[in-house]
file model_20.txt (compact mmCIF, C-alpha atoms)
# COMPACT_ATOMS: atom_id res chain seq x y z
CA PHE K 754 -47.49 -34.57 8.53
CA ARG K 755 -43.73 -34.12 8.53
CA LEU K 756 -40.82 -34.78 10.84
CA LEU K 757 -38.66 -31.83 11.83
CA ASP K 758 -34.88 -32.01 11.76
CA ASN K 759 -33.80 -32.73 15.35
CA SER K 760 -30.27 -31.49 14.72
CA LEU K 761 -31.59 -27.94 14.44
CA PHE K 762 -32.81 -27.92 18.05
CA THR K 763 -29.77 -26.69 19.98
CA GLY K 764 -29.86 -23.78 22.33
CA GLY K 765 -29.47 -23.37 26.06
CA ALA K 766 -29.88 -21.00 28.97
CA PHE K 767 -26.66 -19.14 28.11
CA PHE K 768 -28.25 -17.47 25.08
CA PRO K 769 -28.84 -13.95 26.49
CA LYS K 770 -25.37 -13.79 28.15
CA HIS K 771 -23.83 -14.96 24.91
CA LEU K 772 -25.49 -12.12 23.02
CA HIS K 773 -24.40 -9.52 25.56
CA ALA K 774 -20.82 -10.80 25.46
CA ARG K 775 -20.81 -10.58 21.68
CA ASN K 776 -22.24 -7.07 21.79
CA ARG K 777 -19.58 -5.89 24.22
CA LYS K 778 -16.84 -7.44 22.10
CA TYR K 779 -17.89 -5.60 18.96
CA GLY K 780 -19.05 -2.43 20.67
CA ILE K 781 -22.71 -2.96 19.84
CA ALA K 782 -25.34 -1.41 22.10
CA THR K 783 -26.73 -3.96 24.55
CA ARG K 784 -30.34 -2.89 24.10
CA GLN K 785 -31.30 -4.29 20.72
CA PRO K 786 -34.82 -4.07 19.34
CA ARG K 787 -37.05 -6.87 20.56
CA ALA K 788 -37.67 -8.06 17.00
CA ASN K 789 -33.95 -8.72 16.57
CA TYR K 790 -33.87 -10.96 19.61
CA GLN K 791 -36.97 -12.78 18.40
CA ALA K 792 -35.35 -13.38 15.02
CA LEU K 793 -32.20 -14.71 16.67
CA LEU K 794 -34.24 -16.98 18.92
CA GLY K 795 -36.12 -18.28 15.91
CA GLN K 796 -32.90 -19.08 14.08
CA ARG K 797 -31.45 -20.89 17.05
CA TYR K 798 -34.40 -22.79 18.48
CA LEU K 799 -36.79 -23.34 15.57
CA PRO K 800 -36.22 -25.61 12.55
CA ASN K 801 -35.95 -23.95 9.17
CA HIS K 802 -36.48 -27.01 6.95
CA TRP K 803 -38.25 -30.37 6.97
CA ASP K 804 -36.35 -33.59 7.61
CA GLY K 805 -38.80 -35.70 5.65
CA GLU K 806 -42.43 -36.63 5.17
CA ILE K 807 -43.70 -39.48 7.34
CA SER K 808 -47.10 -40.01 5.74
CA SER K 809 -49.90 -38.28 3.84
CA PHE K 810 -53.67 -38.61 4.14
CA ASP K 811 -56.81 -37.90 2.14
CA SER K 812 -58.60 -36.19 5.04
CA ARG K 813 -57.58 -33.25 7.22
CA VAL K 814 -54.94 -33.90 9.86
CA TYR K 815 -56.33 -32.23 12.96
CA GLY K 816 -53.63 -33.07 15.46
CA GLY K 817 -50.74 -35.17 16.67
CA ARG K 818 -49.38 -36.01 20.09
CA PHE K 819 -46.54 -37.88 21.76
CA SER K 820 -47.12 -40.17 24.72
CA GLU K 821 -45.75 -39.21 28.14
CA ASP K 822 -42.46 -41.05 27.61
CA GLY K 823 -42.13 -39.93 23.98
CA ASN K 824 -42.04 -43.49 22.65
CA LEU K 825 -45.40 -43.28 20.89
CA PHE K 826 -46.78 -40.73 18.45
CA TYR K 827 -50.34 -40.73 17.12
CA ALA K 828 -51.70 -38.48 14.39
CA VAL K 829 -55.42 -37.78 14.08
CA THR K 830 -57.46 -37.00 10.98
CA GLN K 831 -61.20 -36.54 10.75
CA ASN K 832 -61.82 -40.28 10.75
CA ASP K 833 -58.50 -42.05 11.37
CA ILE K 834 -55.74 -42.45 13.96
CA ILE K 835 -52.26 -43.46 12.85
CA MET K 836 -49.79 -44.73 15.46
CA TYR K 837 -45.99 -44.86 15.36
CA ASN K 838 -43.31 -46.25 17.65
CA THR K 839 -40.83 -43.38 18.12
CA GLU K 840 -38.27 -44.97 20.44
CA ASN K 841 -35.76 -44.37 17.64
CA VAL K 842 -36.34 -40.68 16.91
CA ASN K 843 -34.61 -40.94 13.53
CA LYS K 844 -36.56 -43.98 12.35
CA TRP K 845 -40.23 -44.06 13.24
CA LYS K 846 -41.86 -47.50 13.10
CA PHE K 847 -45.44 -47.74 11.89
CA ILE K 848 -47.73 -49.55 14.36
CA ASN K 849 -51.24 -49.34 12.99
CA HIS K 850 -53.85 -47.33 11.11
CA LEU K 851 -57.11 -47.18 13.03
CA TYR K 852 -60.44 -46.33 11.42
CA GLY K 853 -62.78 -44.60 13.83
CA GLN K 854 -66.18 -46.09 14.61
CA MET K 855 -69.40 -44.12 15.08
CA VAL K 856 -67.58 -40.94 14.08
CA GLN K 857 -69.87 -37.94 13.68
CA TRP K 858 -68.16 -35.26 11.61
CA THR K 859 -64.74 -35.75 13.23
CA ILE K 860 -62.70 -37.37 15.97
CA THR K 861 -62.61 -34.68 18.64
CA ASP K 862 -59.93 -35.95 21.04
CA THR K 863 -57.51 -38.81 21.71
CA ASP K 864 -55.43 -40.00 24.63
CA VAL K 865 -53.27 -42.96 25.68
CA THR K 866 -52.63 -44.52 29.07
CA GLY K 867 -49.35 -43.96 30.88
CA ASP K 868 -48.03 -47.39 29.86
CA ASN K 869 -48.84 -46.80 26.15
CA GLU K 870 -51.06 -49.90 26.16
CA ASN K 871 -54.51 -48.42 25.53
CA LEU K 872 -55.88 -45.62 23.36
CA LEU K 873 -59.06 -43.58 23.73
CA TYR K 874 -60.87 -41.41 21.20
CA SER K 875 -64.09 -39.40 21.19
CA SER K 876 -66.42 -37.86 18.62
CA LEU K 877 -69.51 -35.66 18.53
CA ASN K 878 -71.67 -38.22 20.30
CA ASN K 879 -71.88 -39.71 23.79
CA VAL K 880 -69.80 -42.83 22.99
CA VAL K 881 -66.03 -42.92 23.46
CA HIS K 882 -63.99 -45.85 22.15
CA MET K 883 -61.09 -47.62 23.83
CA LEU K 884 -58.74 -50.18 22.30
CA ARG K 885 -55.46 -51.92 23.00
CA ILE K 886 -52.54 -50.58 20.93
CA SER K 887 -51.08 -53.36 18.78
CA PRO K 888 -50.03 -54.06 15.17
CA GLU K 889 -52.93 -56.48 14.63
CA LYS K 890 -54.97 -55.84 11.51
CA ARG K 891 -58.34 -56.16 13.26
CA LEU K 892 -58.29 -54.10 16.44
CA ARG K 893 -61.15 -54.72 18.82
CA GLN K 894 -62.66 -51.37 19.74
CA GLN K 895 -64.63 -51.20 22.97
CA PRO K 896 -67.45 -48.61 23.01
CA LEU K 897 -68.02 -46.88 26.34
CA GLU K 898 -71.36 -45.11 26.54
CA LEU K 899 -71.52 -42.09 28.79
CA SER K 900 -74.83 -41.24 30.43
CA ASP K 901 -76.16 -39.80 33.67
CA GLU K 902 -78.82 -40.68 36.22
CA ASN K 903 -81.40 -38.73 34.20
CA GLY K 904 -80.87 -40.87 31.13
CA MET K 905 -79.18 -38.08 29.14
CA TYR K 906 -77.81 -39.95 26.14
CA ARG K 907 -77.75 -37.54 23.23
CA PHE K 908 -74.77 -35.20 23.59
CA ALA K 909 -71.35 -34.53 22.09
CA VAL K 910 -67.97 -35.30 23.68
CA TYR K 911 -65.42 -32.63 22.79
CA SER K 912 -62.58 -33.83 25.01
CA ALA K 913 -61.77 -37.06 26.88
CA LYS K 914 -58.72 -37.95 28.98
CA PHE K 915 -57.49 -41.06 30.80
CA ASN K 916 -55.94 -41.02 34.23
CA HIS K 917 -52.46 -42.58 34.24
CA GLU K 918 -53.63 -46.19 34.72
CA GLY K 919 -56.58 -45.85 32.33
CA THR K 920 -59.14 -46.78 34.99
CA THR K 921 -61.13 -43.53 34.75
CA ILE K 922 -62.02 -41.03 32.05
CA ALA K 923 -62.75 -37.32 32.41
CA ALA K 924 -64.90 -36.07 29.53
CA GLY K 925 -65.92 -32.55 28.55
CA THR K 926 -69.20 -32.34 26.63
CA ASN K 927 -71.78 -29.83 25.48
CA VAL K 928 -73.89 -30.66 28.56
CA GLY K 929 -71.27 -30.85 31.31
CA LEU K 930 -68.33 -32.70 32.85
CA TYR K 931 -68.54 -36.50 32.99
CA TYR K 932 -66.37 -38.81 35.09
CA TYR K 933 -66.44 -42.45 33.99
CA ASP K 934 -65.24 -45.69 35.62
CA VAL K 935 -63.66 -47.84 32.89
CA VAL K 936 -63.43 -50.96 35.06
CA LYS K 937 -67.10 -50.94 36.14
CA LYS K 938 -68.24 -49.41 32.84
CA THR K 939 -70.43 -46.89 34.57
CA ASN K 940 -70.60 -43.16 35.00
CA ILE K 941 -69.47 -41.97 38.44
CA PHE K 942 -70.89 -38.46 38.21
CA ALA K 943 -71.99 -35.77 35.77
CA VAL K 944 -71.82 -32.07 36.57
CA ASP K 945 -73.37 -29.08 34.84
CA ALA K 946 -69.96 -27.46 34.98
CA HIS K 947 -70.18 -24.50 32.56
CA ASP K 948 -72.68 -22.30 30.76
CA ASP K 949 -71.37 -23.42 27.36
CA ASP K 950 -69.52 -26.29 25.65
CA ILE K 951 -66.49 -27.77 27.43
CA ASN K 952 -63.85 -27.87 24.72
CA SER K 953 -60.98 -29.33 26.73
CA VAL K 954 -60.31 -31.26 29.95
CA CYS K 955 -57.13 -32.45 31.64
CA TYR K 956 -55.87 -33.82 34.93
CA GLU K 957 -53.53 -31.69 37.03
CA ASN K 958 -51.47 -34.85 37.56
CA ARG K 959 -52.57 -38.03 35.81
CA ARG K 960 -50.93 -40.32 38.38
CA ASP K 961 -52.87 -38.65 41.18
CA GLY K 962 -56.05 -38.10 39.17
CA ASN K 963 -57.83 -35.99 41.79
CA ILE K 964 -57.77 -32.49 40.26
CA ILE K 965 -59.46 -31.89 36.90
CA PHE K 966 -59.41 -28.73 34.77
CA THR K 967 -62.17 -27.81 32.32
CA ALA K 968 -61.93 -25.12 29.61
CA SER K 969 -65.15 -23.84 28.08
CA ASP K 970 -66.69 -21.55 25.50
CA ASP K 971 -68.02 -19.50 28.43
CA CYS K 972 -64.48 -17.99 28.61
CA MET K 973 -63.56 -19.66 31.91
CA CYS K 974 -61.31 -22.44 33.14
CA LYS K 975 -62.57 -24.23 36.24
CA VAL K 976 -60.82 -26.45 38.77
CA TRP K 977 -62.56 -29.54 40.19
CA ASP K 978 -61.70 -32.05 42.90
CA ARG K 979 -63.19 -35.40 41.91
CA ARG K 980 -63.14 -36.53 45.59
CA ASP K 981 -65.76 -33.88 46.37
CA MET K 982 -67.84 -34.05 43.21
CA ARG K 983 -70.61 -36.41 44.31
CA ARG K 984 -71.81 -34.16 47.11
CA ASN K 985 -70.58 -30.79 45.88
CA HIS K 986 -71.08 -29.69 42.29
CA GLN K 987 -69.18 -26.45 42.74
CA PRO K 988 -65.64 -25.90 41.41
CA GLN K 989 -62.72 -25.52 43.79
CA GLY K 990 -61.61 -22.46 41.85
CA ILE K 991 -61.97 -20.49 38.62
CA PHE K 992 -59.50 -18.80 36.28
CA ILE K 993 -61.04 -15.65 34.81
CA GLY K 994 -59.43 -13.48 32.14
CA HIS K 995 -59.99 -14.73 28.60
CA HIS K 996 -62.38 -12.62 26.52
CA GLU K 997 -63.46 -15.44 24.19
CA GLY K 998 -64.07 -19.15 24.51
CA LEU K 999 -61.25 -21.45 25.58
CA THR K 1000 -59.99 -24.10 23.16
CA HIS K 1001 -57.48 -26.03 25.27
CA VAL K 1002 -56.13 -26.51 28.77
CA THR K 1003 -53.02 -28.36 29.91
CA ALA K 1004 -51.27 -28.68 33.26
CA ARG K 1005 -47.60 -28.80 34.09
CA GLY K 1006 -48.17 -31.46 36.74
CA ASN K 1007 -46.22 -29.64 39.46
CA GLY K 1008 -49.28 -28.79 41.54
CA TYR K 1009 -49.21 -25.11 40.64
CA HIS K 1010 -49.27 -24.16 36.96
CA VAL K 1011 -51.80 -24.56 34.18
CA LEU K 1012 -51.87 -23.14 30.64
CA THR K 1013 -54.96 -22.17 28.64
CA ASN K 1014 -55.48 -21.17 25.02
CA GLY K 1015 -58.40 -19.04 23.89
CA LYS K 1016 -60.21 -17.82 20.81
CA ASP K 1017 -59.19 -14.31 21.86
CA GLN K 1018 -55.80 -15.23 20.32
CA CYS K 1019 -54.19 -15.42 23.79
CA MET K 1020 -52.47 -18.05 25.87
CA LYS K 1021 -52.45 -17.54 29.63
CA LEU K 1022 -50.38 -19.11 32.38
CA TRP K 1023 -52.14 -19.55 35.73
CA ASP K 1024 -51.09 -20.37 39.29
CA LEU K 1025 -53.39 -22.59 41.38
CA ARG K 1026 -52.55 -20.48 44.41
CA LYS K 1027 -54.30 -17.51 42.78
CA MET K 1028 -57.73 -18.89 41.87
CA ARG K 1029 -61.01 -17.02 41.97
CA THR K 1030 -64.14 -18.49 43.57
CA SER K 1031 -67.72 -18.92 42.40
CA ASN K 1032 -68.71 -15.91 44.51
CA ASP K 1033 -66.67 -13.68 42.19
CA LEU K 1034 -68.96 -14.52 39.28
CA THR K 1035 -71.81 -12.48 40.76
CA SER K 1036 -69.84 -9.24 40.86
CA MET K 1037 -67.56 -9.38 37.81
CA SER K 1038 -68.01 -7.48 34.56
CA PRO K 1039 -68.74 -9.43 31.34
CA LEU K 1040 -65.84 -11.35 29.84
CA ARG K 1041 -66.83 -11.53 26.18
CA GLN K 1042 -66.42 -8.21 24.38
CA GLN K 1043 -67.04 -8.99 20.71
CA GLY K 1044 -70.10 -11.18 20.75
CA HIS K 1045 -69.62 -14.89 20.14
CA PHE K 1046 -66.48 -15.16 17.98
CA ASP K 1047 -66.47 -18.17 15.61
CA TYR K 1048 -62.97 -18.82 14.28
CA ARG K 1049 -64.29 -21.00 11.42
CA PHE K 1050 -65.54 -18.09 9.35
CA MET K 1051 -65.07 -14.85 11.31
CA PRO K 1052 -61.89 -12.75 11.19
CA TYR K 1053 -60.73 -11.63 14.62
CA ASP K 1054 -61.21 -7.90 15.16
CA TRP K 1055 -57.94 -6.80 16.77
CA SER K 1056 -59.13 -3.19 17.00
CA ARG K 1057 -61.65 -4.26 19.67
CA THR K 1058 -59.19 -6.18 21.81
CA ALA K 1059 -60.33 -5.73 25.40
CA PRO K 1060 -58.06 -4.55 28.20
CA ARG K 1061 -57.01 -6.96 30.96
CA HIS K 1062 -60.02 -7.99 33.03
CA ASP K 1063 -60.19 -6.82 36.64
CA TYR K 1064 -60.34 -10.45 37.83
CA ASP K 1065 -57.53 -11.67 35.60
CA ASP K 1066 -54.89 -13.09 37.97
CA SER K 1067 -52.90 -14.94 35.30
CA VAL K 1068 -49.14 -15.04 35.73
CA MET K 1069 -48.60 -14.08 32.10

call {"tool": "encode", "arguments": {"input": "model_20.txt", "output": "structure tokens"}}
result
Amino acid sequence: FRLLDNSLFTGGAFFPKHLHARNRKYGIATRQPRANYQALLGQRYLPNHWDGEISSFDSRVYGGRFSEDGNLFYAVTQNDIIMYNTENVNKWKFINHLYGQMVQWTITDTDVTGDNENLLYSSLNNVVHMLRISPEKRLRQQPLELSDENGMYRFAVYSAKFNHEGTTIAAGTNVGLYYYDVVKKTNIFAVDAHDDDINSVCYENRRDGNIIFTASDDCMCKVWDRRDMRRNHQPQGIFIGHHEGLTHVTARGNGYHVLTNGKDQCMKLWDLRKMRTSNDLTSMSPLRQQGHFDYRFMPYDWSRTAPRHDYDDSVM
């Protein structure tokens, strides 16, 4: 992976006014084609060359993420996690190269605690691993085995996230939503949350840790309150509108907004004040329009793009 040139990221809120002022000065019509504005935005906000290569790997690099404070960056390949101290944005400091344990096919998700002390990763099995971030050559990895009261052990974890302190883990699997107590090393609850794989989970606010979002291949994003989960296995709300499975969900942390990405080539912004309920599922029309789209080998058929669903209350 490569580091982008920070000096190219300028910009500011004055951009549209600046363009209009320039147009008036030179007598250019104010209404320019949208493509022109997009090109200008790209030139101003997006980098147009690489600043340098940080590292290279033999296996596929599937992702990379900064910690909450931006002082840690970790890149993920199929089998490895590479960590860097990024307090100095112009000079990244290598911390460690971690080799995943019990990896089946690939590492599916990673996360770090709010203090950047502990790291979590999952794979296509029911064991997630946690370790303390340090430059030591031999890192002790602690396996945490997820299970439920029925002894369900054989399943795949697609997504796993810490709360801020790292005391609990929310995990999305192919059999439901799991909520795990790291301190007691026991599962708190497991919920049959969706009709298909849960590809992504996140907390609305990691410091609070009460509201959890799940994004699934059943085309829906659901909202859960962990305080009510032991007695009530129904979601607090549902976001309906994607026409293919969801790949990722992330929250702004302001108590209102959440963003989803789907295999229908769309991103949607949602407002928690405009959720649907489980009762709406009985009366709504089907979401998926093209059969089960598999991005690994199927081209997306844009000619069959479905119109906005009647129950789609997304902001944009």

call {"tool": "atom_distance", "arguments": {"input": "model_20.txt", "atom1": "atom CA of Val865 of chain K", "atom2": "atom CA of Gly962 of chain K"}}
result
14.6 Å

call {"tool": "residues_around", "arguments": {"input": "model_20.txt", "residues": "Glu918 of chain K", "least_positions_apart": "3", "cutoff": "12 Å", "atoms": "only C-alpha atoms", "output": "mmCIF file with C-alpha atoms, in the coordinates of the input"}}
result
data_model
loop_
_atom_site.group_PDB
_atom_site.id
_atom_site.type_symbol
_atom_site.label_atom_id
_atom_site.label_comp_id
_atom_site.auth_asym_id
_atom_site.auth_seq_id
_atom_site.Cartn_x
_atom_site.Cartn_y
_atom_site.Cartn_z
ATOM 1 C CA ASP K 864 -55.430 -40.000 24.630
ATOM 2 C CA VAL K 865 -53.270 -42.960 25.680
ATOM 3 C CA THR K 866 -52.630 -44.520 29.070
ATOM 4 C CA GLY K 867 -49.350 -43.960 30.880
ATOM 5 C CA ASP K 868 -48.030 -47.390 29.860
ATOM 6 C CA ASN K 869 -48.840 -46.800 26.150
ATOM 7 C CA GLU K 870 -51.060 -49.900 26.160
ATOM 8 C CA ASN K 871 -54.510 -48.420 25.530
ATOM 9 C CA LEU K 872 -55.880 -45.620 23.360
ATOM 10 C CA LYS K 914 -58.720 -37.950 28.980
ATOM 11 C CA PHE K 915 -57.490 -41.060 30.800
ATOM 12 C CA THR K 921 -61.130 -43.530 34.750
ATOM 13 C CA ILE K 922 -62.020 -41.030 32.050
ATOM 14 C CA ASP K 934 -65.240 -45.690 35.620
ATOM 15 C CA VAL K 935 -63.660 -47.840 32.890
ATOM 16 C CA VAL K 936 -63.430 -50.960 35.060
ATOM 17 C CA ASN K 958 -51.470 -34.850 37.560
ATOM 18 C CA ARG K 959 -52.570 -38.030 35.810
ATOM 19 C CA ARG K 960 -50.930 -40.320 38.380
ATOM 20 C CA ASP K 961 -52.870 -38.650 41.180
ATOM 21 C CA GLY K 962 -56.050 -38.100 39.170
#

call {"tool": "residues_around", "arguments": {"input": "model_20.txt", "residues": "segment 988-1004 of chain K", "least_positions_apart": "6", "cutoff": "7 Å", "atoms": "only C-alpha atoms", "output": "PyMOL selection string"}}
result
chain K and resi 952-955+957+968-978+1010-1017+1028-1030+1040-1042+1046+1062+1064-1065

call {"tool": "atom_distance", "arguments": {"input": "model_20.txt", "atom1": "atom CA of Ala1059 of chain K", "atom2": "atom CA of Asn1032 of chain K"}}
result
23.2 Å

call {"tool": "residues_around", "arguments": {"input": "model_20.txt", "residues": "Arg907 of chain K", "least_positions_apart": "6", "cutoff": "9 Å", "atoms": "all atoms listed in the file", "output": "PyMOL selection string"}}
result
chain K and resi 878-879+900

call {"tool": "write_last_selection", "arguments": {"input": "model_20.txt", "atoms": "C-alpha atoms", "output": "short mmCIF file (atom, residue, chain, number, x, y, z; two decimals), in the frame of the given file"}}
result
data_model
loop_
_atom_site.label_atom_id
_atom_site.label_comp_id
_atom_site.auth_asym_id
_atom_site.auth_seq_id
_atom_site.Cartn_x
_atom_site.Cartn_y
_atom_site.Cartn_z
CA ASN K 878 -71.67 -38.22 20.30
CA ASN K 879 -71.88 -39.71 23.79
CA SER K 900 -74.83 -41.24 30.43
#

call {"tool": "atom_distance", "arguments": {"input": "model_20.txt", "atom1": "atom CA of Arg1005 of chain K", "atom2": "atom CA of Met1069 of chain K"}}
result
14.9 Å

call {"tool": "residues_near_point", "arguments": {"input": "model_20.txt", "point": "(-71.4, -46.6, 28.4)", "cutoff": "9 Å", "atoms": "all atoms listed in the file", "output": "list in words"}}
result
Asn879, Val880, Val881, Pro896, Leu897, Glu898, Leu899, Ser900, Tyr933, Lys938, Thr939 and Asn940 of chain K

call {"tool": "residues_around", "arguments": {"input": "model_20.txt", "residues": "Asp862 of chain K", "least_positions_apart": "4", "cutoff": "10 Å", "atoms": "all atoms listed in the file", "output": "PyMOL selection string"}}
result
chain K and resi 815-816+829+873-877+881+910-914+924+952-953

call {"tool": "closest_residue", "arguments": {"input": "model_20.txt", "among": "K:Ile848, K:Ile807, K:Met1051, K:Ile860", "to": "Pro888 of chain K", "atoms": "all atoms listed in the file"}}
result
K:Ile848

call {"tool": "closest_residue", "arguments": {"input": "model_20.txt", "among": "K:Ala943, K:Ile835, K:Leu930, K:Ala923", "to": "Asn963 of chain K", "atoms": "all atoms listed in the file"}}
result
K:Ala923

call {"tool": "closest_residue", "arguments": {"input": "model_20.txt", "among": "K:Ser1038, K:Tyr932, K:Asp1047, K:Gln857", "to": "Asp1063 of chain K", "atoms": "all atoms listed in the file"}}
result
K:Ser1038

call {"tool": "residues_around", "arguments": {"input": "model_20.txt", "residues": "Asp833 of chain K", "least_positions_apart": "4", "cutoff": "10 Å", "atoms": "only C-alpha atoms", "output": "list in words"}}
result
Phe810, Ser812, Arg813, Val814, Ala828, Val829, His850, Leu851, Tyr852, Gly853, Gln854, Val856, Thr859 and Ile860 of chain K

call {"tool": "closest_residue", "arguments": {"input": "model_20.txt", "among": "K:His986, K:Ile951, K:Ala909, K:His1045", "to": "Ser1031 of chain K", "atoms": "all atoms listed in the file"}}
result
K:His986

call {"tool": "build_atoms", "arguments": {"input": "model_20.txt", "residues": "segment 927-938 of chain K", "atoms": "N, CA and C atoms", "output": "compact mmCIF listing (two decimals), in the frame of the given file"}}
result
# COMPACT_ATOMS: atom_id res chain seq x y z
N ASN K 927 -70.96 -31.03 25.64
CA ASN K 927 -71.78 -29.83 25.48
C ASN K 927 -72.86 -29.73 26.56
N VAL K 928 -72.91 -30.71 27.48
CA VAL K 928 -73.89 -30.66 28.56
C VAL K 928 -73.24 -30.74 29.94
N GLY K 929 -71.92 -30.84 30.01
CA GLY K 929 -71.27 -30.85 31.31
C GLY K 929 -70.03 -31.71 31.36
N LEU K 930 -69.51 -31.89 32.59
CA LEU K 930 -68.33 -32.70 32.85
C LEU K 930 -68.77 -34.09 33.30
N TYR K 931 -68.24 -35.12 32.65
CA TYR K 931 -68.54 -36.50 32.99
C TYR K 931 -67.28 -37.19 33.52
N TYR K 932 -67.47 -38.03 34.52
CA TYR K 932 -66.37 -38.81 35.09
C TYR K 932 -66.78 -40.27 35.08
N TYR K 933 -66.01 -41.09 34.33
CA TYR K 933 -66.44 -42.45 33.99
C TYR K 933 -65.47 -43.48 34.55
N ASP K 934 -66.02 -44.57 35.10
CA ASP K 934 -65.24 -45.69 35.62
C ASP K 934 -65.11 -46.74 34.52
N VAL K 935 -63.89 -46.91 34.00
CA VAL K 935 -63.66 -47.84 32.89
C VAL K 935 -63.82 -49.28 33.35
N VAL K 936 -63.38 -49.59 34.55
CA VAL K 936 -63.43 -50.96 35.06
C VAL K 936 -64.89 -51.42 35.24
N LYS K 937 -65.70 -50.59 35.89
CA LYS K 937 -67.10 -50.94 36.14
C LYS K 937 -68.02 -50.58 34.98
N LYS K 938 -67.47 -49.84 34.01
CA LYS K 938 -68.24 -49.41 32.84
C LYS K 938 -69.51 -48.66 33.26
